[in-house]
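Visitor: The structure under discussion is supplied below as structure tokens; questions concerning it will follow.
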Amino acid sequence: MSSSASLRTTTGILLVAPLVIYMVVLYALPVASMLLRSLNDPTWSIDRYKELMSDTVFFNTLSNTLYTAVIVTLGSLVLGYPVALALVRSKRLAPLILVVVLLPFWTSVLVRSYAWMVLLGRHGLINEALMSSGLIDRPLRILNTPLAVYIGMIHILLPYMILPIANALRQIDPSLARAASGLGSPPWKTFLQVTLPLSVPGVAAGGLLVFVLSLGFYITPAMLGGPRDITLSMLIANQVDQLNWAYAACLSTVLLATALIIIVVCRRLPGIGSAFKMSAR
Amino acid sequence: MRDTVSSTGRGASVSLAGLEKSYERVGAVNGVSLDIRSGEFLTLLGPSGSGKTTTLMMIAGFEQPTKGDIAIDGISVVAMPPHKRNIGMVFQNYALFPHLTVAENIGFPLKQRGVPKAERTKLVGEALELVHLPGYGGRYPRQLSGGQQQRVALARAIVFQPRLLLMDEPLGALDKQLRENLQLEMRRLHADLGITFIYVTHDQEEALTMSDRIAVMNDGLVAQIGSPEDLYDRPCNRFVAGFIGESNFLPATVRGMEGDIVVADCQGAVVRALCPGRPGSGAQVTLTTRPERLRFANGAHDSATVNRMSVTVTEAVFAGERCRYMLQAADGTSMVLKEPSSAAIRRRTVGEQAEIAWSVADTILV
Amino acid sequence: MRGILPKSFVGLILLFLAFPIVVVFAVSFSSANYLTFPPPALSLKWYRVYFSAENWLAPTWLSIWVAACTVVLSTFLGTLAALGLAKLPRPLKVLVSGLILSPLIVPVIVVSIGVYYAFSKYGLVGKPIALVLAHTSLAVPFVVTSVTATLAGIDPRLEQAALSLGATPRGTFFQVTLPLIQPGVIVGALFAFITSFDELIVALFLSGQGAVTLPRRMWEDLRYAIDPTIAAVSTLTIVFTAILLGTAHYLRKRAEQNRTASP
């Protein structure tokens with residue numbers, strides 16, 4: 001028995017070995033050695049991290065990144081929940097909804113951010129439409145503001161919210177809601193007392209996913225935001241351009257640690273396991 | 001297709017010696033020794049978790065025994081990988097390859113053995129005839145019904161002329177009517193092919209209908225092995241008596257022996273029973289008898305061959321072909337009596353006092 | 001949805017999701033020289049610009065080439081690893097899959113500057129091979145999850161059946177396991193392709209001057225001139241992606257059909 005089990009394990013190890021070696025050499029070690037620059041440049045010390053404590057640029061960027069992530073997560077929840085509900089409840093429209101949700105999902109972030117530039121620009125569609133309808137007489141400044149960043153990011157991250165919630169809703173026994181309404185509960189009450197509580201795992205999974213992914217955003221804020229809407233990713237890229245490796249490594253460590261801590265803390269929440277399968281699209 | 005095999009001993013003999021498989025989960029095997037004869041239809045019967053499937057998987061080579069030996073035709077196969085054992089196997093859900101057609105499925109074992117294509121086509125055709133599915137070769141498994149898939153699985157498992165066929169609850173997923181048809185068909189196949197069948201099931205009726213011998217398994221051990229009649233008429237322990245068919249269990253105190261017959265005090269009556277051992281007088285024992293072997297007494301009986309007892313009828317159910325009565329003996333033990341229904345026999349009513357009688361040969365000490 | 005969830009609200013959100021893409025489509029067929037919507041007249045001139053400009057076509061071919069190499073490398077390594085993961089005992093499996101799937105949650109900027117930092121020491125920056133090596137790490141999780149999901153749906157008795165019928169373990173793999181996981185492998189490969197083809201952040205650091213990919217070229221274009229050529233390029237990539245996704249969807253459906261063959 002033990003011999004066949006160990007043969008199985010040996011086969012397994014041989015099969016995963018090429019990829020594990022690949023990922024260690026070409027992914028984990030490069031990232032780790034880069035992160036180490038925050039500690040050993042030029043000599044071993046944690047001074048870089050101490051300096052961060054009094055670094056206003058860093059704190060402003062970190063708070064902007066976190067604040068943006070919160071807004072985007074809440075926005076995605078408000079917009080995503082109804083869509084998830086419609087996706088599960090409406091048999092007829094489900095395929096259409098799925099296509100509308102999944103096509104942008106797989107369209108590159110760059111293309112989608114570009115689309116919002118076209119829409120939100122000074123002479124973009126929104127301004128043109130508002131002007132020609134006479135509601136405003138001078139174009140609104142939307143592009144290059146935080147609002148544009150929120151819109152673009154919500155647009156990109158919405159599917160990550162919709163799919164886990166839809167998954168959770170799908171697992172709710174429909175007879176529960178029927179039983180509740182059979183007992184004379186009005187629809188809104190049934191929703192608040194049955195559907196909503198039971199979909200919490202999906203909301204938690206979607207929320208965690210959107211929040212963690214928001215933290216690393218770079219392209220969208222760079223394209224749609226103003227000069228002051230800097231995220232941690234943008235600051236890191238900027239420091240690398242200036243060859244300020246130690247500082248960039250320090251910021252990368254903070255960004256990575258923030259994402260990992262949030263995941264570890266939330267790991268025990270129900271439905272989180274499925275969130276990571278979800279993130280594999 | 002079978003003329004290449006010599007007419008005698010077409011089936012393999014299988015010998016399990018002290019077979020053990022320890023598991024942290026259910027289904028462990030704790031020491032099974034069995035000798036399965038060439039050409040025999042042997043059923044491993046038991047509740048789920050009794051170790052019957054584990055035993056089968058060890059014979060097939062998918063599980064490695066912790067201890068003990070498996071010999072096929074006297075040669076130990078424990079160290080032999082499954083693909084070299086040359087054993088046919090039919091799985092619970094048929095395990096047909098979904099990406100291959102019926103003909104490709106059946107041809108699969110022949111292809112592994114390097115049978116040339118023309119020969120393969122011929123043998124596949126013959127196998128399809130044998131399971132009454134000629135012309136189905138081009139279809140995919142998903143286009144067949146459950147019963148047809150089962151036949152294909154059977155054809156695939158015998159087309160390469162193995163000397164031993166293992167079947168793991170092959171009829172479990174089918175409805176009753178289809179199951180009964182296929183049971184008969186498998187018996188016929190067994191008779192035609194003359195190879196050894198080892199069949200696993202938890203369905204006692206299926207086991208009784210099909211098998212030459214049945215090994216009843218419980219808690220990883222063989223509780224009893226014997227022909228269907230043996231097991232039904234002479235269960236050697238309480239588990240077998242309760243698992244196969246319905247049984248009445250009567251607590252009794254041994255008085256003494258009359259040759260091979262034990263005499264015991266039971267519910268205020270003197271009852272005689274067949275007894276494999278020699279219990280001492282005063283021993284507390286359990287006697288068992290089948291409900292359909294009991295009858296309501298009329299007239300005198302020879303007490304040396306017939307047991308008698310006074311009971312009260314507590315429940316009477318008319319069930320078409322038979323009547324079923326619940327009875328209560330003197331000290332409160334309940335018993336069941338089944339009687340063929342007939343307009344000529346008086347139906348008993350609840351509360352009625354009655355005298356029942358049954359043959360000593362139908363009474364077993366377990 | 002009865003009352004509590006007005007259909008019009010859901011409709012607006014779906015419009016929000018779909019509209020930007022529709023706009024990109026529309027702008028790409030515009031005759032105007034600047035971004036305006038709706039287009040004054042329809043024209044294919046931006047597609048003509050794209051197909052006749054070497055500085056658009058070269059990055060396109062490079063992106064396709066890089067994505068194709070990424071597909072080969074990540075599909076091969078990822079499929080082997082998915083098969084291996086299924087055989088590993090629990091603690092080891094968690095550790096290994098943690099490493100393999102981590103690119104899904106590690107911010108891409110961190111991965112990008114990490115490989116940039118390491119690759120620049122070996123003079124790899126500006127070489128297509130650098131992009132392939134980095135994109136493979138990012139694409140592998142998609143292959144592994146796709147193959148693992150397909151593998152989990154396969155009845156283990158099919159492999160036992162093949163062995164009992166006399167197939168060697170090797171024969172069982174090539175005749176049974178591989179054909180059954182094939183749809184999952186292809187879906188994983190398509191996802192790997194799209195991952196590499198659309199990737200920008202790694203390319204920003206590793207492209208240098210010598211290996212400008214299509215997203216990188218678009219990014220540079222956006223900084224200087226916003227003309228509808230980029231809308232045409234975007235439209236083409238969206239259509240291309242949609243075709244790949246349609247294929248993936250079809251294959252998944254077929255794999256499910258196969259799986260439900262046994263009742």
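Chain labels follow the order of the structure tokens: the first chain is A, the next B, and so on; residue numbering restarts at 1 in every chain, and ligands are counted from 1 in their shown order.
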Using only C-alpha atoms and a cut-off of 6 Å, which residues of chain C sit close to chain B? Please list them as a list of chain:residue names.

Guide: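 Taken together, these residues fit the definition: C:Arg157, C:Leu158, C:Leu163, C:Ser164, C:Leu165, C:Gly166, C:Ala167, C:Thr168, C:Asn258, C:Ala261.
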
Visitor: Take the selection from the previous step and output its residues with N, CA and C atoms, as a CSV table (one decimal), in the first residue's frame.

Guide:
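New file part.csv:
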```
chain,number,residue,atom,x,y,z
C,157,ARG,N,-12.7,5.6,-12.6
C,157,ARG,CA,-12.9,4.3,-13.1
C,157,ARG,C,-12.6,4.1,-14.5
C,158,LEU,N,-12.6,5.2,-15.3
C,158,LEU,CA,-12.3,5.1,-16.7
C,158,LEU,C,-10.8,4.6,-16.9
C,163,LEU,N,-6.9,0.0,-17.6
C,163,LEU,CA,-5.9,-0.9,-17.1
C,163,LEU,C,-6.4,-2.3,-17.1
C,164,SER,N,-7.7,-2.5,-16.6
C,164,SER,CA,-8.2,-3.8,-16.5
C,164,SER,C,-8.3,-4.4,-17.9
C,165,LEU,N,-8.4,-3.6,-19.0
C,165,LEU,CA,-8.6,-4.1,-20.3
C,165,LEU,C,-7.2,-4.3,-21.0
C,166,GLY,N,-6.1,-4.1,-20.2
C,166,GLY,CA,-4.8,-4.5,-20.6
C,166,GLY,C,-4.0,-3.4,-21.1
C,167,ALA,N,-4.5,-2.1,-21.0
C,167,ALA,CA,-3.7,-1.0,-21.4
C,167,ALA,C,-2.6,-0.7,-20.4
C,168,THR,N,-1.4,-0.4,-20.8
C,168,THR,CA,-0.3,-0.1,-19.9
C,168,THR,C,-0.6,1.3,-19.3
C,258,ASN,N,-19.5,14.9,-23.1
C,258,ASN,CA,-18.8,13.7,-23.0
C,258,ASN,C,-18.9,13.1,-21.6
C,261,ALA,N,-21.9,11.2,-20.4
C,261,ALA,CA,-22.2,10.0,-21.2
C,261,ALA,C,-22.7,8.9,-20.3
```

Visitor: Using only C-alpha atoms, what does the table of range 162-277 of chain B residues within 9 Å of range 284-287 of chain B look like, with each row giving the shortest atom pair and its distance in Å to one decimal, sorted by chain and ascending number, as JSON lines?

Guide:
```
{"residue": "B:Arg238", "atom": "CA", "partner": "B:Thr286", "partner_atom": "CA", "distance": 8.3}
{"residue": "B:Asn248", "atom": "CA", "partner": "B:Leu287", "partner_atom": "CA", "distance": 8.0}
{"residue": "B:Phe249", "atom": "CA", "partner": "B:Leu287", "partner_atom": "CA", "distance": 5.7}
{"residue": "B:Leu250", "atom": "CA", "partner": "B:Leu287", "partner_atom": "CA", "distance": 5.0}
{"residue": "B:Pro251", "atom": "CA", "partner": "B:Thr286", "partner_atom": "CA", "distance": 4.5}
{"residue": "B:Ala252", "atom": "CA", "partner": "B:Val285", "partner_atom": "CA", "distance": 5.3}
{"residue": "B:Thr253", "atom": "CA", "partner": "B:Gln284", "partner_atom": "CA", "distance": 4.7}
{"residue": "B:Val254", "atom": "CA", "partner": "B:Gln284", "partner_atom": "CA", "distance": 6.5}
{"residue": "B:Ala264", "atom": "CA", "partner": "B:Val285", "partner_atom": "CA", "distance": 8.7}
{"residue": "B:Cys266", "atom": "CA", "partner": "B:Leu287", "partner_atom": "CA", "distance": 8.8}
{"residue": "B:Ala273", "atom": "CA", "partner": "B:Leu287", "partner_atom": "CA", "distance": 7.3}
```

Visitor: Write out, as a compact mmCIF listing (two decimals), in the first residue's frame, the residues just selected, with C-alpha atoms.

Guide:
```
# COMPACT_ATOMS: atom_id res chain seq x y z
CA ARG B 238 -27.34 -14.10 13.23
CA ASN B 248 -37.45 -14.72 13.45
CA PHE B 249 -35.04 -14.77 16.34
CA LEU B 250 -36.07 -16.63 19.48
CA PRO B 251 -34.07 -16.52 22.71
CA ALA B 252 -33.86 -19.99 24.27
CA THR B 253 -32.13 -21.99 27.03
CA VAL B 254 -30.43 -25.27 26.13
CA ALA B 264 -34.18 -26.01 24.27
CA CYS B 266 -38.20 -21.42 24.36
CA ALA B 273 -33.27 -27.14 16.40
```

Visitor: From a DSSP calculation on the backbone, collect every residue of range 76-110 of chain B in strand (DSSP E) and output the set as number ranges by chain.

Guide: B: 76, 88-90

Visitor: For Asp362 in chain B, work out the shell of residues within 10 Å, counting only C-alpha atoms and skipping chain neighbours fewer than 6 positions away, then give it as JSON, numbers by chain.

Guide: {"B": [233, 234, 272, 273, 274, 288, 289, 290, 293, 294, 305, 306, 307]}

Visitor: Would you list which chain B residues are within 9 Å of chain A using only C-alpha atoms, as a PDB file with C-alpha atoms, in the first residue's frame?

Guide:
```
ATOM      1  CA  LYS B  21      -6.485  -4.114   3.696  1.00  0.00           C
ATOM      2  CA  GLU B  63      -5.815  -1.835  -4.380  1.00  0.00           C
ATOM      3  CA  GLN B  64      -2.703  -3.325  -2.853  1.00  0.00           C
ATOM      4  CA  PRO B  65      -3.368  -5.741   0.048  1.00  0.00           C
ATOM      5  CA  THR B  66      -1.791  -4.841   3.391  1.00  0.00           C
TER       6      THR B  66
END
```

Visitor: List the spatial neighbours of Arg347 in chain B as a PDB file with N, CA and C atoms, in the first residue's frame - criterion: any atom at most 12 Å away, only C-alpha atoms, same-chain residues fewer than 6 positions off excluded.

Guide:
```pdb
ATOM      1  N   PHE B 296     -49.922 -22.129  10.956  1.00  0.00           N
ATOM      2  CA  PHE B 296     -50.858 -22.323  12.068  1.00  0.00           C
ATOM      3  C   PHE B 296     -51.144 -23.813  12.189  1.00  0.00           C
ATOM      4  N   VAL B 313     -52.059 -13.402  18.073  1.00  0.00           N
ATOM      5  CA  VAL B 313     -51.933 -12.620  16.839  1.00  0.00           C
ATOM      6  C   VAL B 313     -52.036 -11.139  17.206  1.00  0.00           C
ATOM      7  N   GLU B 315     -51.132  -8.598  14.760  1.00  0.00           N
ATOM      8  CA  GLU B 315     -51.340  -7.806  13.565  1.00  0.00           C
ATOM      9  C   GLU B 315     -51.594  -8.774  12.422  1.00  0.00           C
ATOM     10  N   ALA B 316     -52.533  -8.443  11.547  1.00  0.00           N
ATOM     11  CA  ALA B 316     -52.804  -9.320  10.407  1.00  0.00           C
ATOM     12  C   ALA B 316     -52.886  -8.457   9.157  1.00  0.00           C
ATOM     13  N   VAL B 317     -52.038  -8.767   8.151  1.00  0.00           N
ATOM     14  CA  VAL B 317     -52.019  -7.962   6.932  1.00  0.00           C
ATOM     15  C   VAL B 317     -52.225  -8.886   5.740  1.00  0.00           C
ATOM     16  N   PHE B 318     -53.196  -8.524   4.913  1.00  0.00           N
ATOM     17  CA  PHE B 318     -53.430  -9.272   3.690  1.00  0.00           C
ATOM     18  C   PHE B 318     -52.613  -8.600   2.588  1.00  0.00           C
ATOM     19  N   ARG B 322     -50.034 -13.403  -0.345  1.00  0.00           N
ATOM     20  CA  ARG B 322     -49.831 -14.025   0.968  1.00  0.00           C
ATOM     21  C   ARG B 322     -50.420 -13.168   2.079  1.00  0.00           C
ATOM     22  N   CYS B 323     -50.590 -13.827   3.240  1.00  0.00           N
ATOM     23  CA  CYS B 323     -51.013 -13.096   4.422  1.00  0.00           C
ATOM     24  C   CYS B 323     -49.823 -13.035   5.366  1.00  0.00           C
ATOM     25  N   ARG B 324     -49.714 -11.899   6.043  1.00  0.00           N
ATOM     26  CA  ARG B 324     -48.571 -11.719   6.923  1.00  0.00           C
ATOM     27  C   ARG B 324     -49.122 -11.422   8.315  1.00  0.00           C
ATOM     28  N   TYR B 325     -48.667 -12.222   9.297  1.00  0.00           N
ATOM     29  CA  TYR B 325     -49.143 -12.034  10.661  1.00  0.00           C
ATOM     30  C   TYR B 325     -48.004 -11.679  11.588  1.00  0.00           C
ATOM     31  N   LYS B 338     -45.701 -15.974   7.607  1.00  0.00           N
ATOM     32  CA  LYS B 338     -46.259 -15.694   6.285  1.00  0.00           C
ATOM     33  C   LYS B 338     -46.934 -16.953   5.780  1.00  0.00           C
ATOM     34  N   GLU B 339     -48.109 -16.774   5.254  1.00  0.00           N
ATOM     35  CA  GLU B 339     -48.884 -17.922   4.820  1.00  0.00           C
ATOM     36  C   GLU B 339     -49.425 -17.599   3.436  1.00  0.00           C
ATOM     37  N   PRO B 340     -49.359 -18.546   2.500  1.00  0.00           N
ATOM     38  CA  PRO B 340     -49.934 -18.272   1.174  1.00  0.00           C
ATOM     39  C   PRO B 340     -51.421 -17.977   1.348  1.00  0.00           C
ATOM     40  N   SER B 341     -51.925 -16.986   0.634  1.00  0.00           N
ATOM     41  CA  SER B 341     -53.343 -16.675   0.820  1.00  0.00           C
ATOM     42  C   SER B 341     -54.181 -17.652   0.004  1.00  0.00           C
ATOM     43  N   ALA B 354     -53.469 -18.607  19.199  1.00  0.00           N
ATOM     44  CA  ALA B 354     -53.280 -19.642  18.173  1.00  0.00           C
ATOM     45  C   ALA B 354     -52.100 -20.516  18.539  1.00  0.00           C
TER      46      ALA B 354
END
```

Visitor: Would you please work out which residue, of C:Pro91, C:Gly98, C:Gly114, C:Gly246, is nearest to chain A when using only C-alpha atoms?

Guide: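 Residue with the minimum atom-to-atom distance to chain A: C:Gly114.
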
Visitor: For Arg163 in chain B, list every protein, DNA or RNA residue within 9 Å, evaluated using only C-alpha atoms, and leave out those in the same chain fewer than 2 positions away; present the list as a ChimeraX atom specification.

Guide: /B:9-13,38-39,86-88,158,161,165,194-197

Visitor: Please produce a file of those selected residues containing N, CA and C atoms, as an mmCIF file, in the first residue's frame.

Guide:
```
data_model
loop_
_atom_site.group_PDB
_atom_site.id
_atom_site.type_symbol
_atom_site.label_atom_id
_atom_site.label_comp_id
_atom_site.auth_asym_id
_atom_site.auth_seq_id
_atom_site.Cartn_x
_atom_site.Cartn_y
_atom_site.Cartn_z
ATOM 1 N N GLY B 9 -11.627 -26.305 -17.991
ATOM 2 C CA GLY B 9 -10.967 -25.279 -17.191
ATOM 3 C C GLY B 9 -10.866 -23.961 -17.912
ATOM 4 N N ARG B 10 -11.955 -23.566 -18.583
ATOM 5 C CA ARG B 10 -11.926 -22.277 -19.251
ATOM 6 C C ARG B 10 -11.874 -21.137 -18.242
ATOM 7 N N GLY B 11 -12.362 -21.417 -17.033
ATOM 8 C CA GLY B 11 -12.350 -20.386 -16.011
ATOM 9 C C GLY B 11 -11.148 -20.533 -15.099
ATOM 10 N N ALA B 12 -10.702 -19.388 -14.575
ATOM 11 C CA ALA B 12 -9.559 -19.417 -13.662
ATOM 12 C C ALA B 12 -10.042 -19.766 -12.259
ATOM 13 N N SER B 13 -9.179 -20.398 -11.489
ATOM 14 C CA SER B 13 -9.484 -20.558 -10.066
ATOM 15 C C SER B 13 -8.776 -19.420 -9.333
ATOM 16 N N SER B 38 -12.744 -22.990 -10.539
ATOM 17 C CA SER B 38 -12.754 -22.689 -11.963
ATOM 18 C C SER B 38 -14.188 -22.736 -12.495
ATOM 19 N N GLY B 39 -14.603 -21.704 -13.177
ATOM 20 C CA GLY B 39 -15.916 -21.686 -13.802
ATOM 21 C C GLY B 39 -17.071 -21.383 -12.865
ATOM 22 N N ASN B 86 -4.910 -9.737 -16.920
ATOM 23 C CA ASN B 86 -5.815 -10.356 -17.883
ATOM 24 C C ASN B 86 -7.157 -10.756 -17.257
ATOM 25 N N ILE B 87 -7.713 -9.821 -16.526
ATOM 26 C CA ILE B 87 -8.994 -10.057 -15.866
ATOM 27 C C ILE B 87 -10.006 -9.093 -16.481
ATOM 28 N N GLY B 88 -11.189 -9.601 -16.856
ATOM 29 C CA GLY B 88 -12.235 -8.723 -17.350
ATOM 30 C C GLY B 88 -12.918 -8.053 -16.175
ATOM 31 N N ILE B 158 -15.426 -9.117 -21.954
ATOM 32 C CA ILE B 158 -15.236 -10.537 -22.276
ATOM 33 C C ILE B 158 -14.639 -10.773 -23.654
ATOM 34 N N GLN B 161 -11.452 -12.658 -24.081
ATOM 35 C CA GLN B 161 -11.455 -14.009 -23.516
ATOM 36 C C GLN B 161 -10.665 -14.127 -22.223
ATOM 37 N N LEU B 165 -13.937 -12.939 -14.754
ATOM 38 C CA LEU B 165 -14.671 -11.695 -14.958
ATOM 39 C C LEU B 165 -15.119 -11.158 -13.603
ATOM 40 N N GLY B 194 -18.353 -20.260 -19.702
ATOM 41 C CA GLY B 194 -17.672 -21.193 -18.812
ATOM 42 C C GLY B 194 -16.533 -20.578 -18.027
ATOM 43 N N ILE B 195 -16.438 -19.237 -17.992
ATOM 44 C CA ILE B 195 -15.357 -18.630 -17.228
ATOM 45 C C ILE B 195 -15.832 -18.311 -15.810
ATOM 46 N N THR B 196 -14.884 -17.978 -14.948
ATOM 47 C CA THR B 196 -15.200 -17.700 -13.552
ATOM 48 C C THR B 196 -15.743 -16.276 -13.424
ATOM 49 N N PHE B 197 -16.847 -16.134 -12.710
ATOM 50 C CA PHE B 197 -17.423 -14.806 -12.458
ATOM 51 C C PHE B 197 -17.297 -14.500 -10.970
#
```
